[in-house]
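Have a look at final_36.cif; it's mmCIF, C-alpha atoms (C1' of nucleotides):
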```
data_protein
loop_
_atom_site.label_atom_id
_atom_site.label_comp_id
_atom_site.auth_asym_id
_atom_site.auth_seq_id
_atom_site.Cartn_x
_atom_site.Cartn_y
_atom_site.Cartn_z
CA MET I 1 6.00 30.22 18.19
CA LYS I 2 2.50 31.64 18.04
CA ASP I 3 3.87 34.30 15.70
CA ILE I 4 4.91 31.67 13.22
CA PHE I 5 1.40 30.29 13.27
CA LYS I 6 -0.06 33.78 12.90
CA GLU I 7 2.14 34.58 9.92
CA TYR I 8 1.19 31.30 8.36
CA LEU I 9 -2.50 32.08 8.76
CA GLN I 10 -2.06 35.58 7.38
CA LYS I 11 -0.49 34.13 4.28
CA TYR I 12 -3.76 32.41 3.40
CA ILE I 13 -6.54 34.40 5.04
CA SER I 14 -6.89 37.98 6.22
CA ILE I 15 -6.75 38.00 9.98
CA THR I 16 -5.88 41.01 12.07
CA ASP I 17 -3.56 40.95 15.06
CA GLU I 18 -6.54 41.68 17.30
CA GLN I 19 -8.51 38.77 15.91
CA PHE I 20 -5.56 36.51 16.44
CA GLU I 21 -5.30 37.73 20.03
CA GLN I 22 -8.87 36.67 20.66
CA LEU I 23 -8.12 33.19 19.45
CA SER I 24 -4.79 32.97 21.17
CA SER I 25 -6.18 31.48 24.36
CA GLU I 26 -7.07 28.32 22.43
CA LEU I 27 -3.43 27.82 21.44
CA THR I 28 -0.67 26.21 23.49
CA VAL I 29 2.95 26.32 22.46
CA LYS I 30 4.94 23.15 23.01
CA HIS I 31 8.57 22.22 22.59
CA ILE I 32 8.88 18.51 22.12
CA LYS I 33 12.06 16.50 22.08
CA LYS I 34 12.93 14.04 19.35
CA ASN I 35 11.25 10.63 19.51
CA THR I 36 8.39 11.63 21.77
CA VAL I 37 4.97 10.11 21.34
CA LEU I 38 2.26 12.79 21.21
CA ILE I 39 -0.78 10.61 20.62
CA GLU I 40 -1.09 6.93 21.47
CA GLN I 41 -3.00 4.56 19.22
CA ASP I 42 -6.44 3.66 20.63
CA THR I 43 -6.64 6.67 22.91
CA ILE I 44 -8.74 9.79 22.58
CA ASP I 45 -7.04 13.13 22.04
CA ASP I 46 -9.04 15.73 20.21
CA SER I 47 -6.33 18.32 19.70
CA THR I 48 -4.70 19.41 16.48
CA PHE I 49 -1.03 20.25 16.16
CA PHE I 50 0.50 22.80 13.86
CA VAL I 51 4.18 22.14 13.25
CA CYS I 52 6.36 25.28 13.43
CA HIS I 53 9.76 23.57 13.29
CA GLY I 54 10.59 19.92 13.24
CA LEU I 55 9.08 16.75 11.89
CA ILE I 56 6.30 14.42 12.92
CA ARG I 57 5.11 11.05 11.72
CA ALA I 58 1.85 9.20 12.21
CA TYR I 59 2.00 5.42 12.24
CA THR I 60 0.22 2.27 13.25
CA ILE I 61 1.54 -0.91 14.78
CA ASP I 62 -0.02 -4.12 13.53
CA HIS I 63 -0.57 -7.38 15.43
CA GLN I 64 2.86 -8.59 14.31
CA GLY I 65 4.45 -5.53 15.89
CA LYS I 66 5.32 -3.96 12.55
CA GLU I 67 5.06 -0.22 12.09
CA HIS I 68 3.36 1.44 9.12
CA ALA I 69 3.77 5.14 8.42
CA ILE I 70 0.47 6.83 7.60
CA PHE I 71 1.99 10.25 6.90
CA PHE I 72 4.83 12.63 7.72
CA ALA I 73 4.30 16.23 8.75
CA PRO I 74 7.14 18.75 8.48
CA GLU I 75 6.96 22.52 9.06
CA HIS I 76 3.57 24.16 8.44
CA TRP I 77 1.57 20.97 8.41
CA TRP I 78 -1.53 20.29 10.45
CA VAL I 79 -1.67 17.05 12.35
CA ASN I 80 -4.56 15.33 14.01
CA ASP I 81 -6.28 12.02 14.20
CA LYS I 82 -9.70 12.43 12.60
CA ASN I 83 -11.09 9.61 14.68
CA SER I 84 -10.27 11.40 17.90
CA PHE I 85 -10.47 14.98 16.77
CA TYR I 86 -13.74 14.91 14.98
CA PHE I 87 -15.55 11.80 16.04
CA CYS I 88 -14.29 11.37 19.61
CA GLU I 89 -13.36 7.78 18.98
CA PRO I 90 -10.08 6.07 19.84
CA SER I 91 -7.26 7.21 17.57
CA LEU I 92 -6.26 5.06 14.63
CA PHE I 93 -2.54 5.72 14.97
CA TYR I 94 0.39 6.92 16.99
CA VAL I 95 1.80 10.40 16.44
CA GLU I 96 5.47 10.92 17.23
CA THR I 97 8.23 13.48 16.72
CA LEU I 98 11.20 12.50 14.57
CA GLU I 99 13.14 15.68 15.38
CA ASP I 100 13.07 18.24 18.17
CA THR I 101 9.82 19.94 17.32
CA ASP I 102 8.14 23.25 18.12
CA LEU I 103 4.42 23.10 17.70
CA VAL I 104 1.21 24.88 18.47
CA GLN I 105 -1.49 22.78 20.03
CA ILE I 106 -4.90 23.87 18.79
CA SER I 107 -8.06 23.10 20.71
CA ARG I 108 -11.34 22.02 19.16
CA LYS I 109 -12.83 25.33 20.26
CA PHE I 110 -10.33 27.27 18.15
CA TYR I 111 -12.07 26.10 15.00
CA ASP I 112 -15.50 27.16 16.20
CA LYS I 113 -14.30 30.56 17.36
CA ALA I 114 -12.26 31.18 14.23
CA ALA I 115 -15.19 30.26 11.99
CA ILE I 116 -17.34 32.90 13.66
CA LEU I 117 -14.64 35.54 13.86
CA ILE I 118 -13.20 35.16 10.36
CA PRO I 119 -15.54 34.35 7.49
CA GLU I 120 -12.71 33.10 5.32
CA PHE I 121 -11.53 30.57 7.85
CA ALA I 122 -14.02 27.76 7.33
CA PRO I 123 -13.86 27.75 3.50
CA TRP I 124 -10.08 27.73 3.68
CA GLN I 125 -10.13 24.75 6.02
CA THR I 126 -12.49 23.03 3.64
CA LYS I 127 -10.02 23.57 0.85
CA ILE I 128 -7.29 21.98 2.95
CA LEU I 129 -9.52 18.96 3.51
CA HIS I 130 -10.25 18.60 -0.19
CA ASN I 131 -6.59 18.84 -0.94
CA SER I 132 -5.82 16.21 1.63
CA ILE I 133 -8.37 13.87 0.06
CA ARG I 134 -7.01 14.14 -3.45
CA PHE I 135 -3.54 13.65 -2.07
CA MET I 136 -4.61 10.43 -0.36
CA GLN I 137 -6.41 9.22 -3.47
CA LYS I 138 -3.16 9.60 -5.36
CA ARG I 139 -1.35 7.63 -2.71
CA ILE I 140 -3.92 4.85 -2.76
CA ASN I 141 -3.60 4.68 -6.51
CA LEU I 142 0.15 4.41 -6.19
CA LEU I 143 -0.10 1.62 -3.64
CA LEU I 144 -2.48 -0.24 -5.94
CA ALA I 145 -0.67 0.32 -9.19
CA ALA I 146 3.05 0.80 -8.69
CA GLN I 147 5.86 -1.41 -7.54
CA ALA I 148 8.60 -0.60 -5.05
CA GLU I 149 10.90 1.42 -7.31
CA THR I 150 8.15 3.61 -8.72
CA ARG I 151 6.76 4.30 -5.26
CA TYR I 152 10.15 5.39 -4.02
CA LEU I 153 10.78 7.61 -7.03
CA ASP I 154 7.42 9.22 -6.46
CA PHE I 155 8.28 9.77 -2.81
CA ILE I 156 11.58 11.53 -3.46
CA LYS I 157 9.89 13.64 -6.11
CA MET I 158 7.09 14.58 -3.72
CA TYR I 159 9.28 15.18 -0.66
CA PRO I 160 12.78 15.99 -1.92
CA ASN I 161 13.60 17.80 1.31
CA LEU I 162 12.36 15.05 3.59
CA VAL I 163 14.23 12.13 2.08
CA HIS I 164 17.34 12.88 4.10
CA ARG I 165 15.52 13.76 7.30
CA ILE I 166 13.54 10.54 7.64
CA PRO I 167 15.26 7.22 8.47
CA GLN I 168 15.03 4.81 5.58
CA THR I 169 13.23 2.26 7.71
CA MET I 170 10.35 4.68 8.07
CA ILE I 171 10.31 5.65 4.41
CA ALA I 172 10.08 1.95 3.63
CA SER I 173 7.14 1.59 5.99
CA TYR I 174 5.47 4.55 4.25
CA LEU I 175 5.92 2.85 0.89
CA GLY I 176 4.69 -0.49 2.15
CA ILE I 177 7.96 -2.35 1.64
CA THR I 178 10.69 -3.65 3.97
CA PRO I 179 13.85 -1.65 4.76
CA GLU I 180 15.87 -4.32 2.96
CA SER I 181 13.83 -3.93 -0.19
CA LEU I 182 14.21 -0.18 -0.09
CA SER I 183 17.94 -0.55 0.31
CA ARG I 184 18.03 -2.72 -2.80
CA VAL I 185 15.85 -0.34 -4.76
CA ARG I 186 18.25 2.46 -3.85
CA LYS I 187 21.19 0.37 -4.94
CA VAL I 188 19.67 -0.23 -8.36
CA LEU I 189 18.80 3.44 -8.73
CA ALA I 190 22.35 4.43 -7.75
CA THR I 191 23.78 2.42 -10.65
CA LYS I 192 21.40 4.32 -12.93
CA GLY I 193 22.65 7.60 -11.46
CA ILE I 194 19.93 8.14 -8.85
CA MET T 195 -35.21 11.72 -8.10
CA LYS T 196 -34.79 15.16 -6.59
CA ASP T 197 -37.15 14.06 -3.83
CA ILE T 198 -34.80 11.27 -2.86
CA PHE T 199 -32.00 13.79 -2.60
CA LYS T 200 -34.21 16.13 -0.59
CA GLU T 201 -35.21 13.42 1.85
CA TYR T 202 -31.60 12.45 2.22
CA LEU T 203 -30.63 16.03 3.04
CA GLN T 204 -33.49 16.38 5.50
CA LYS T 205 -32.26 13.34 7.35
CA TYR T 206 -29.05 15.19 8.26
CA ILE T 207 -29.85 18.89 8.22
CA SER T 208 -33.00 20.92 8.60
CA ILE T 209 -33.99 22.24 5.23
CA THR T 210 -37.47 23.37 4.29
CA ASP T 211 -39.21 22.52 1.05
CA GLU T 212 -38.97 26.18 0.03
CA GLN T 213 -35.25 26.27 0.65
CA PHE T 214 -34.83 23.15 -1.41
CA GLU T 215 -36.85 24.75 -4.20
CA GLN T 216 -34.42 27.65 -4.31
CA LEU T 217 -31.52 25.28 -4.74
CA SER T 218 -33.29 23.02 -7.15
CA SER T 219 -32.12 24.90 -10.24
CA GLU T 220 -28.57 23.78 -9.51
CA LEU T 221 -29.59 20.14 -9.69
CA THR T 222 -30.00 18.00 -12.77
CA VAL T 223 -31.53 14.55 -12.68
CA LYS T 224 -29.88 11.92 -14.86
CA HIS T 225 -30.67 8.34 -15.69
CA ILE T 226 -27.54 6.56 -16.77
CA LYS T 227 -27.29 3.12 -18.26
CA LYS T 228 -24.95 0.45 -16.97
CA ASN T 229 -21.31 0.71 -18.01
CA THR T 230 -21.38 4.36 -18.96
CA VAL T 231 -18.38 6.58 -18.33
CA LEU T 232 -19.39 9.81 -16.55
CA ILE T 233 -15.97 11.39 -16.14
CA GLU T 234 -12.89 10.66 -18.22
CA GLN T 235 -9.43 10.58 -16.66
CA ASP T 236 -7.40 13.71 -17.45
CA THR T 237 -10.42 15.83 -18.29
CA ILE T 238 -12.02 18.63 -16.30
CA ASP T 239 -15.54 18.17 -14.96
CA ASP T 240 -16.38 20.10 -11.85
CA SER T 241 -19.73 18.53 -11.05
CA THR T 242 -20.65 16.30 -8.16
CA PHE T 243 -23.01 13.35 -8.42
CA PHE T 244 -25.35 12.10 -5.77
CA VAL T 245 -26.34 8.48 -6.34
CA CYS T 246 -30.06 7.83 -5.84
CA HIS T 247 -30.17 4.27 -7.16
CA GLY T 248 -27.42 2.22 -8.71
CA LEU T 249 -23.70 1.86 -8.36
CA ILE T 250 -20.66 3.78 -9.49
CA ARG T 251 -16.95 3.12 -9.43
CA ALA T 252 -13.98 5.44 -9.78
CA TYR T 253 -10.85 3.94 -11.28
CA THR T 254 -7.56 4.72 -12.96
CA ILE T 255 -5.83 3.04 -15.85
CA ASP T 256 -2.06 2.75 -15.58
CA HIS T 257 0.51 2.76 -18.35
CA GLN T 258 0.21 -1.02 -18.66
CA GLY T 259 -3.50 -0.66 -19.28
CA LYS T 260 -4.46 -2.12 -15.92
CA GLU T 261 -7.42 -0.73 -14.02
CA HIS T 262 -7.34 0.19 -10.33
CA ALA T 263 -10.52 0.89 -8.40
CA ILE T 264 -10.23 4.00 -6.23
CA PHE T 265 -13.68 3.66 -4.67
CA PHE T 266 -17.22 2.41 -5.18
CA ALA T 267 -20.28 4.55 -4.61
CA PRO T 268 -23.69 2.94 -4.09
CA GLU T 269 -26.95 4.66 -3.11
CA HIS T 270 -26.63 7.89 -1.13
CA TRP T 271 -22.98 8.45 -1.85
CA TRP T 272 -21.45 11.61 -3.20
CA VAL T 273 -19.06 11.29 -6.09
CA ASN T 274 -16.65 13.78 -7.54
CA ASP T 275 -13.06 14.12 -8.56
CA LYS T 276 -11.45 16.57 -6.16
CA ASN T 277 -8.90 17.53 -8.75
CA SER T 278 -11.56 18.72 -11.14
CA PHE T 279 -14.26 19.74 -8.73
CA TYR T 280 -12.25 21.82 -6.36
CA PHE T 281 -8.99 22.64 -8.08
CA CYS T 282 -10.08 22.78 -11.71
CA GLU T 283 -7.33 20.46 -12.76
CA PRO T 284 -7.60 17.37 -14.96
CA SER T 285 -9.32 14.52 -13.16
CA LEU T 286 -7.26 11.78 -11.60
CA PHE T 287 -9.63 8.98 -12.53
CA TYR T 288 -12.52 7.68 -14.58
CA VAL T 289 -15.99 7.52 -13.10
CA GLU T 290 -18.33 4.88 -14.48
CA THR T 291 -21.67 3.26 -13.70
CA LEU T 292 -21.71 -0.45 -12.87
CA GLU T 293 -25.50 -0.64 -12.85
CA ASP T 294 -28.31 1.39 -14.34
CA THR T 295 -28.06 4.44 -12.15
CA ASP T 296 -30.29 7.36 -11.21
CA LEU T 297 -28.31 10.31 -10.00
CA VAL T 298 -28.54 13.98 -9.25
CA GLN T 299 -25.85 16.12 -10.80
CA ILE T 300 -24.92 18.96 -8.47
CA SER T 301 -23.25 22.10 -9.72
CA ARG T 302 -20.41 23.90 -7.97
CA LYS T 303 -22.81 26.79 -7.31
CA PHE T 304 -25.13 24.56 -5.29
CA TYR T 305 -22.57 24.41 -2.52
CA ASP T 306 -22.17 28.18 -2.35
CA LYS T 307 -25.89 28.81 -2.38
CA ALA T 308 -26.63 26.11 0.17
CA ALA T 309 -23.96 27.40 2.51
CA ILE T 310 -25.60 30.83 2.54
CA LEU T 311 -29.16 29.56 2.72
CA ILE T 312 -28.67 26.85 5.35
CA PRO T 313 -26.22 27.47 8.19
CA GLU T 314 -25.93 23.77 8.97
CA PHE T 315 -24.93 22.81 5.46
CA ALA T 316 -21.25 23.73 5.44
CA PRO T 317 -20.41 22.14 8.82
CA TRP T 318 -22.19 18.99 7.75
CA GLN T 319 -20.20 18.86 4.53
CA THR T 320 -17.05 19.33 6.57
CA LYS T 321 -18.00 16.37 8.67
CA ILE T 322 -18.42 14.27 5.55
CA LEU T 323 -14.95 15.30 4.42
CA HIS T 324 -13.41 14.38 7.77
CA ASN T 325 -15.14 11.07 7.64
CA SER T 326 -13.87 10.44 4.17
CA ILE T 327 -10.32 11.17 5.28
CA ARG T 328 -10.35 8.77 8.20
CA PHE T 329 -11.87 6.17 5.95
CA MET T 330 -9.04 6.59 3.45
CA GLN T 331 -6.43 6.48 6.20
CA LYS T 332 -7.83 3.15 7.27
CA ARG T 333 -7.63 1.89 3.71
CA ILE T 334 -4.03 3.07 3.31
CA ASN T 335 -3.14 1.31 6.52
CA LEU T 336 -4.75 -1.86 5.24
CA LEU T 337 -2.86 -1.68 1.95
CA LEU T 338 0.39 -1.19 3.86
CA ALA T 339 -0.14 -3.77 6.55
CA ALA T 340 -2.40 -6.57 5.41
CA GLN T 341 -2.12 -9.31 2.86
CA ALA T 342 -4.67 -10.42 0.29
CA GLU T 343 -6.91 -12.53 2.51
CA THR T 344 -7.17 -9.93 5.28
CA ARG T 345 -7.95 -7.18 2.79
CA TYR T 346 -10.75 -9.20 1.28
CA LEU T 347 -12.20 -10.09 4.65
CA ASP T 348 -12.14 -6.43 5.56
CA PHE T 349 -13.89 -5.59 2.32
CA ILE T 350 -16.77 -8.02 2.77
CA LYS T 351 -17.16 -6.82 6.34
CA MET T 352 -17.22 -3.19 5.25
CA TYR T 353 -19.46 -3.67 2.21
CA PRO T 354 -21.48 -6.84 2.79
CA ASN T 355 -24.19 -5.65 0.41
CA LEU T 356 -21.79 -4.70 -2.38
CA VAL T 357 -19.82 -7.93 -2.58
CA HIS T 358 -22.38 -9.53 -4.86
CA ARG T 359 -23.07 -6.44 -6.93
CA ILE T 360 -19.48 -5.78 -8.00
CA PRO T 361 -17.64 -8.12 -10.40
CA GLN T 362 -14.76 -9.90 -8.69
CA THR T 363 -12.28 -8.46 -11.13
CA MET T 364 -13.09 -5.00 -9.84
CA ILE T 365 -13.04 -6.02 -6.20
CA ALA T 366 -9.60 -7.45 -6.85
CA SER T 367 -8.47 -4.17 -8.39
CA TYR T 368 -9.81 -2.35 -5.31
CA LEU T 369 -7.79 -4.63 -3.07
CA GLY T 370 -4.65 -4.29 -5.15
CA ILE T 371 -4.47 -7.94 -6.20
CA THR T 372 -5.17 -9.83 -9.42
CA PRO T 373 -8.52 -11.50 -10.13
CA GLU T 374 -6.77 -14.88 -10.04
CA SER T 375 -5.41 -14.20 -6.58
CA LEU T 376 -8.81 -13.14 -5.31
CA SER T 377 -10.31 -16.30 -6.74
CA ARG T 378 -7.75 -18.35 -4.81
CA VAL T 379 -8.33 -16.41 -1.61
CA ARG T 380 -12.04 -17.09 -1.93
CA LYS T 381 -11.37 -20.77 -2.50
CA VAL T 382 -9.35 -20.99 0.70
CA LEU T 383 -12.01 -19.09 2.63
CA ALA T 384 -14.71 -21.37 1.26
CA THR T 385 -13.00 -24.41 2.75
CA LYS T 386 -12.99 -22.59 6.07
CA GLY T 387 -16.73 -21.94 5.71
CA ILE T 388 -16.56 -18.41 4.22
"C1'" DC B 389 -27.93 -22.85 -29.57
"C1'" DG B 390 -23.55 -20.35 -30.06
"C1'" DT B 391 -20.56 -16.74 -28.23
"C1'" DG B 392 -17.88 -14.01 -25.22
"C1'" DG B 393 -16.94 -12.33 -20.81
"C1'" DA B 394 -16.21 -13.67 -15.93
"C1'" DG B 395 -14.41 -16.77 -12.91
"C1'" DT B 396 -11.55 -20.89 -11.84
"C1'" DT B 397 -7.61 -23.77 -11.89
"C1'" DG B 398 -2.78 -25.16 -12.90
"C1'" DA B 399 2.28 -24.47 -13.66
"C1'" DA B 400 6.02 -21.50 -13.86
"C1'" DT B 401 7.86 -17.16 -12.55
"C1'" DA B 402 9.02 -12.88 -10.11
"C1'" DC B 403 8.99 -9.61 -6.70
"C1'" DG B 404 9.51 -8.67 -2.31
"C1'" DA B 405 9.87 -10.82 2.50
"C1'" DT B 406 12.46 -13.15 5.78
"C1'" DC B 407 16.46 -14.49 8.24
"C1'" DA B 408 21.10 -13.77 9.14
"C1'" DA B 409 25.59 -11.68 8.95
"C1'" DC B 410 28.21 -7.71 8.43
"C1'" DA B 411 29.69 -2.74 7.67
"C1'" DC B 412 29.25 1.82 9.03
"C1'" DC B 413 28.74 5.58 11.71
"C1'" DG B 414 27.53 8.60 16.06
"C1'" DG B 415 27.34 8.83 20.64
"C1'" DT B 416 28.80 7.48 25.31
"C1'" DG B 417 31.69 6.40 28.90
"C1'" DG B 418 36.08 4.82 30.55
"C1'" DC K 419 40.93 10.50 23.00
"C1'" DC K 420 39.85 6.13 21.93
"C1'" DA K 421 37.19 1.86 22.59
"C1'" DC K 422 32.89 0.12 22.80
"C1'" DC K 423 28.16 -0.16 21.92
"C1'" DG K 424 23.73 0.08 19.60
"C1'" DG K 425 21.18 1.50 15.97
"C1'" DT K 426 20.80 1.96 10.91
"C1'" DG K 427 21.63 0.49 6.59
"C1'" DT K 428 23.70 -3.03 3.39
"C1'" DT K 429 24.32 -7.45 1.36
"C1'" DG K 430 23.59 -12.43 0.61
"C1'" DA K 431 20.76 -16.75 0.49
"C1'" DT K 432 16.46 -18.65 0.82
"C1'" DC K 433 11.54 -18.67 1.11
"C1'" DG K 434 6.71 -17.39 0.17
"C1'" DT K 435 2.98 -14.78 -1.58
"C1'" DA K 436 1.05 -13.13 -5.36
"C1'" DT K 437 1.72 -12.55 -10.58
"C1'" DT K 438 1.79 -14.14 -15.07
"C1'" DC K 439 0.33 -16.90 -18.76
"C1'" DA K 440 -2.56 -20.33 -20.37
"C1'" DA K 441 -6.35 -23.51 -20.61
"C1'" DC K 442 -10.80 -24.61 -19.23
"C1'" DT K 443 -15.67 -24.11 -17.25
"C1'" DC K 444 -19.75 -21.78 -16.69
"C1'" DC K 445 -23.31 -18.79 -17.44
"C1'" DA K 446 -25.73 -14.73 -19.32
"C1'" DC K 447 -27.16 -12.90 -23.33
"C1'" DG K 448 -27.97 -12.30 -28.07
#
```

Please, can you express the file's structure as structure tokens?
Amino acid sequence: MKDIFKEYLQKYISITDEQFEQLSSELTVKHIKKNTVLIEQDTIDDSTFFVCHGLIRAYTIDHQGKEHAIFFAPEHWWVNDKNSFYFCEPSLFYVETLEDTDLVQISRKFYDKAAILIPEFAPWQTKILHNSIRFMQKRINLLLAAQAETRYLDFIKMYPNLVHRIPQTMIASYLGITPESLSRVRKVLATKGI
Amino acid sequence: MKDIFKEYLQKYISITDEQFEQLSSELTVKHIKKNTVLIEQDTIDDSTFFVCHGLIRAYTIDHQGKEHAIFFAPEHWWVNDKNSFYFCEPSLFYVETLEDTDLVQISRKFYDKAAILIPEFAPWQTKILHNSIRFMQKRINLLLAAQAETRYLDFIKMYPNLVHRIPQTMIASYLGITPESLSRVRKVLATKGI
DNA sequence: CGTGGAGTTGAATACGATCAACACCGGTGG
DNA sequence: CCACCGGTGTTGATCGTATTCAACTCCACG
């Protein structure tokens, strides 16, 4: 599993096998079964996960007991709760596997060590953060501006390969609509030929 | 104006007056009148603004001509469009002043120079990015989970000092509701004693 | 003063939510 | 191997929140 992570890193920054070895002690490989909660809401867990295989979702549960998907993370995505990871405050959401998942757990120290060892590392991480922000701004705009059908069309355009891996109920909760509404949206779209 | 920016920086990182002098050439002071557009949607402008005095909003206009507020930026906020600033793509939104505003325009180069000159600078910027992400995650969760009244209550709790500086129409567009709906929400809240 | 934008209020409408029943698998155990 | 079960998605009927459209008030500003 660590090799997958190493190859991923080498795709974006130059990092030698020796350098990776030095960082390796900050990494823990985990094999997690489907439907396992990794991080509980309102707890503190400052680790980051890198998904090698599988699928993860982050979600909240409101006072009515309803779930709301914050994001999904398939292969090669980084997952953490900023509240816990960076600010050592209780996490804002649950993190859970939707499929059997292989992941690399990355400690807080990894980032510090990597930044010192590899000059490219920190700027690259910064780029990922910027990208994440513009992505979220787009999502906020969509939630403000678009109605159910448009949001769903945007979703299947953005994640064509995830549509069939995520239960519709959860897609609905990502879009901010009920499963019933999503079902109806899909029905209308089907008559139009998807 | 540059002094305000300098004092702000010195509150968070240690930076000498000489160091600031070296960076100063990458800063441009601007005095902008109320209701002036700084960045057009779908254009490229890779500068960042630091608000000294005044108030800025970022917003999109959808195909129906409706405006949607992405964020507001009062004193001591950083404003840029990630799409333009970091990825050199057309901006996702308009940026406009809501009040007469004094700001410092910061070039892309400033970041590179500052990172070299001041070791603390880059990590501090990273922290700001992380903070921004968790803030946006909270907002997404609110848009998914809460209805009009709750969103408004959250807004006045989060920005007590902005509520009276921003026209209600724009607050409504930030909350994803119509001005009429916001007016009705406020009416209900008034009967409850705010 | 007048004028126009911002906010309020009312009535009708629409979109999505809710509640409930049912169909359709996929897995489990007899 | 089949029957049963539970979860997921679908469909229908009704309800509710927020939208739309329109008229009106109230200031701020020229």

Identify all chain K residues at most 12 Å from chain I by counting all atoms listed in the file; ligands do not count. Present them as a list in words.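 The complete set of qualifying residues is DG425, DT426, DG427, DT428, DT429 and DG430 of chain K.
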
Since I can't run it myself right now, could you work out what the PyMOL selection byres ((chain T) within 6 of (chain I)) selects here and report it as a ChimeraX atom specification? /T:276,328,338,370

Chain I contacts on chain B, all atoms listed in the file, 9 Å, as a PyMOL selection string: chain B and resi 403-405

Kindly save the residues from that selection, with C-alpha atoms (C1' of nucleotides) included, as a CSV table (one decimal), in the frame of the given file.
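This is the output file result-v4.csv:
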```
chain,number,residue,atom,x,y,z
B,403,DC,C1',9.0,-9.6,-6.7
B,404,DG,C1',9.5,-8.7,-2.3
B,405,DA,C1',9.9,-10.8,2.5
```

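Neighbouring residues of range 398-402 of chain B at 9 Å or closer, counting only C-alpha atoms (C1' of nucleotides) and skipping chain neighbours under 6 positions away, are DT437, DT438, DC439, DA440 and DA441 of chain K.
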
For the residues selected in the previous step, produce a file with C-alpha atoms (C1' of nucleotides) as an mmCIF file, in the frame of the given file.
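Saved file result-v3.cif follows:
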```cif
data_model
loop_
_atom_site.group_PDB
_atom_site.id
_atom_site.type_symbol
_atom_site.label_atom_id
_atom_site.label_comp_id
_atom_site.auth_asym_id
_atom_site.auth_seq_id
_atom_site.Cartn_x
_atom_site.Cartn_y
_atom_site.Cartn_z
ATOM 1 C "C1'" DT K 437 1.720 -12.550 -10.580
ATOM 2 C "C1'" DT K 438 1.790 -14.140 -15.070
ATOM 3 C "C1'" DC K 439 0.330 -16.900 -18.760
ATOM 4 C "C1'" DA K 440 -2.560 -20.330 -20.370
ATOM 5 C "C1'" DA K 441 -6.350 -23.510 -20.610
#
```

Between CA of Ile250 in chain T and CA of Val298 in chain T, what is the distance in Å, rounded to a tenth?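 Spanning CA of Ile250 in chain T to CA of Val298 in chain T is a straight-line distance of 12.9 Å.
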
Per-residue nearest contacts of chain K to range 393-396 of chain B (9 Å; only C-alpha atoms (C1' of nucleotides)) as CSV:
```
residue,atom,partner,partner_atom,distance
K:DC442,C1',B:DT396,C1',8.3
K:DT443,C1',B:DT396,C1',7.5
K:DC444,C1',B:DG395,C1',8.2
K:DC445,C1',B:DA394,C1',8.9
```

Check what the PyMOL selection byres ((chain K and resi 433) around 8) selects in the file above and give those residues as a ChimeraX atom specification. /B:406 /K:432,434

Point-to-point distance in Å for CA of Ser14 in chain I and CA of Leu311 in chain T: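 Computed distance, CA of Leu311 in chain T to CA of Ser14 in chain I, equals 24.1 Å.
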
Find the distance between CA of Trp77 in chain I and CA of Phe50 in chain I and write it in Å to one decimal.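 Those two atoms sit 5.8 Å apart.
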